[in-house]
Amino acid sequence: QVQLVESGGGLVQAGGSLRLSCAASGSVFRTYAMAWYRQAPGKQRELVARITSGGSTSYADSVKGRFTISRDNAKNTVYLQMNSLKPEDAAVYYCNARNTGGYINYWGQGTQVTVSS
């Protein structure tokens with residue numbers, strides 16, 4: 001069982017930055033791919049960024065060049081650095097852990113990001 005706890009959300013002005021953190025319990029963190037998803041009101045949850053156990057990263061087109069995902073296996077933590085935030089980035093951001101086969105998924109409780117224009 002993996003528990004994920006997100007933090008770092010809040011209110012920021014457009015153009016500002018936030019850093020989200022997701023702390024994971026358990027000893028299997030380093031073997032899991034980690035990702036950040038977001039869900040805005042009335043919209044489907046969407047993938048924002050993913051980092052594999054080997055450190056390869058991928059991003060949604062809407063955040064490329066502005067967001068950076070990283071992981072610290074020693075701290076069992078994944079981060080999402082968000083720069084140049086836009087009002088359309090406002091959403092609840094969720095941390096996700098997925099095993100190698102992709103058949104086990106864990107989710108955090110979410111953290112709210114609000115961007116004022």
# chains A, B, ... in the order shown; residues from 1 in each chain; ligands from 1

call {"tool": "residues_around", "arguments": {"residues": "Thr111 of chain A", "least_positions_apart": "5", "cutoff": "9 Å", "atoms": "only C-alpha atoms", "output": "count of residues only"}}
result
11

call {"tool": "select_by_dssp", "arguments": {"residues": "chain A", "states": "helix (DSSP H, G or I)", "output": "compact mmCIF listing (two decimals) with C-alpha atoms, in the first residue's frame"}}
result
# COMPACT_ATOMS: atom_id res chain seq x y z
CA PHE A 29 8.50 4.52 -4.37
CA ARG A 30 11.63 4.30 -6.45
CA THR A 31 10.11 1.56 -8.63
CA PRO A 87 -5.59 31.32 -14.87
CA GLU A 88 -6.29 28.19 -16.91
CA ASP A 89 -3.83 26.27 -14.72

call {"tool": "atom_distance", "arguments": {"atom1": "atom CA of Ala24 of chain A", "atom2": "atom CA of Asn76 of chain A"}}
result
5.4 Å

call {"tool": "atom_distance", "arguments": {"atom1": "atom CA of Arg98 of chain A", "atom2": "atom CA of Lys86 of chain A"}}
result
28.2 Å

call {"tool": "decode", "arguments": {"residues": "segment 60-79 of chain A", "atoms": "N, CA, C and O atoms", "output": "compact mmCIF listing (two decimals), in the first residue's frame"}}
result
# COMPACT_ATOMS: atom_id res chain seq x y z
N ALA A 60 2.21 17.49 -20.62
CA ALA A 60 1.12 17.93 -21.48
C ALA A 60 1.60 19.13 -22.27
O ALA A 60 2.39 19.95 -21.77
N ASP A 61 1.12 19.27 -23.49
CA ASP A 61 1.55 20.39 -24.32
C ASP A 61 1.27 21.73 -23.66
O ASP A 61 2.03 22.69 -23.82
N SER A 62 0.21 21.80 -22.91
CA SER A 62 -0.21 23.07 -22.30
C SER A 62 0.75 23.57 -21.22
O SER A 62 0.71 24.75 -20.86
N VAL A 63 1.61 22.69 -20.71
CA VAL A 63 2.51 23.10 -19.63
C VAL A 63 3.99 23.00 -20.01
O VAL A 63 4.86 23.37 -19.21
N LYS A 64 4.29 22.51 -21.20
CA LYS A 64 5.68 22.36 -21.62
C LYS A 64 6.39 23.71 -21.56
O LYS A 64 5.87 24.72 -22.01
N GLY A 65 7.59 23.68 -21.00
CA GLY A 65 8.37 24.89 -20.89
C GLY A 65 8.05 25.73 -19.67
O GLY A 65 8.78 26.68 -19.35
N ARG A 66 6.97 25.39 -18.97
CA ARG A 66 6.60 26.15 -17.77
C ARG A 66 6.66 25.30 -16.50
O ARG A 66 6.97 25.81 -15.43
N PHE A 67 6.32 24.03 -16.63
CA PHE A 67 6.30 23.12 -15.48
C PHE A 67 7.47 22.14 -15.57
O PHE A 67 7.86 21.73 -16.66
N THR A 68 7.96 21.75 -14.40
CA THR A 68 9.01 20.76 -14.33
C THR A 68 8.70 19.75 -13.24
O THR A 68 8.45 20.13 -12.09
N ILE A 69 8.70 18.47 -13.61
CA ILE A 69 8.49 17.41 -12.64
C ILE A 69 9.84 16.81 -12.28
O ILE A 69 10.72 16.66 -13.13
N SER A 70 10.01 16.47 -11.02
CA SER A 70 11.25 15.87 -10.56
C SER A 70 10.94 14.94 -9.39
O SER A 70 9.85 15.01 -8.81
N ARG A 71 11.89 14.10 -9.07
CA ARG A 71 11.68 13.18 -7.95
C ARG A 71 12.96 13.05 -7.14
O ARG A 71 14.07 13.16 -7.69
N ASP A 72 12.79 12.82 -5.87
CA ASP A 72 13.89 12.59 -4.95
C ASP A 72 13.61 11.25 -4.28
O ASP A 72 12.81 11.17 -3.34
N ASN A 73 14.24 10.20 -4.78
CA ASN A 73 13.95 8.87 -4.25
C ASN A 73 14.40 8.70 -2.81
O ASN A 73 13.83 7.91 -2.06
N ALA A 74 15.41 9.45 -2.41
CA ALA A 74 15.87 9.37 -1.02
C ALA A 74 14.82 9.92 -0.06
O ALA A 74 14.76 9.50 1.11
N LYS A 75 14.00 10.84 -0.55
CA LYS A 75 12.97 11.44 0.29
C LYS A 75 11.58 10.92 -0.04
O LYS A 75 10.58 11.38 0.52
N ASN A 76 11.50 9.97 -0.99
CA ASN A 76 10.20 9.44 -1.40
C ASN A 76 9.24 10.57 -1.80
O ASN A 76 8.06 10.56 -1.42
N THR A 77 9.74 11.52 -2.54
CA THR A 77 8.96 12.70 -2.85
C THR A 77 9.08 13.05 -4.34
O THR A 77 10.17 12.95 -4.91
N VAL A 78 7.97 13.46 -4.90
CA VAL A 78 7.95 13.97 -6.27
C VAL A 78 7.48 15.42 -6.21
O VAL A 78 6.66 15.78 -5.36
N TYR A 79 8.03 16.22 -7.09
CA TYR A 79 7.74 17.66 -7.10
C TYR A 79 7.18 18.08 -8.45
O TYR A 79 7.43 17.46 -9.48
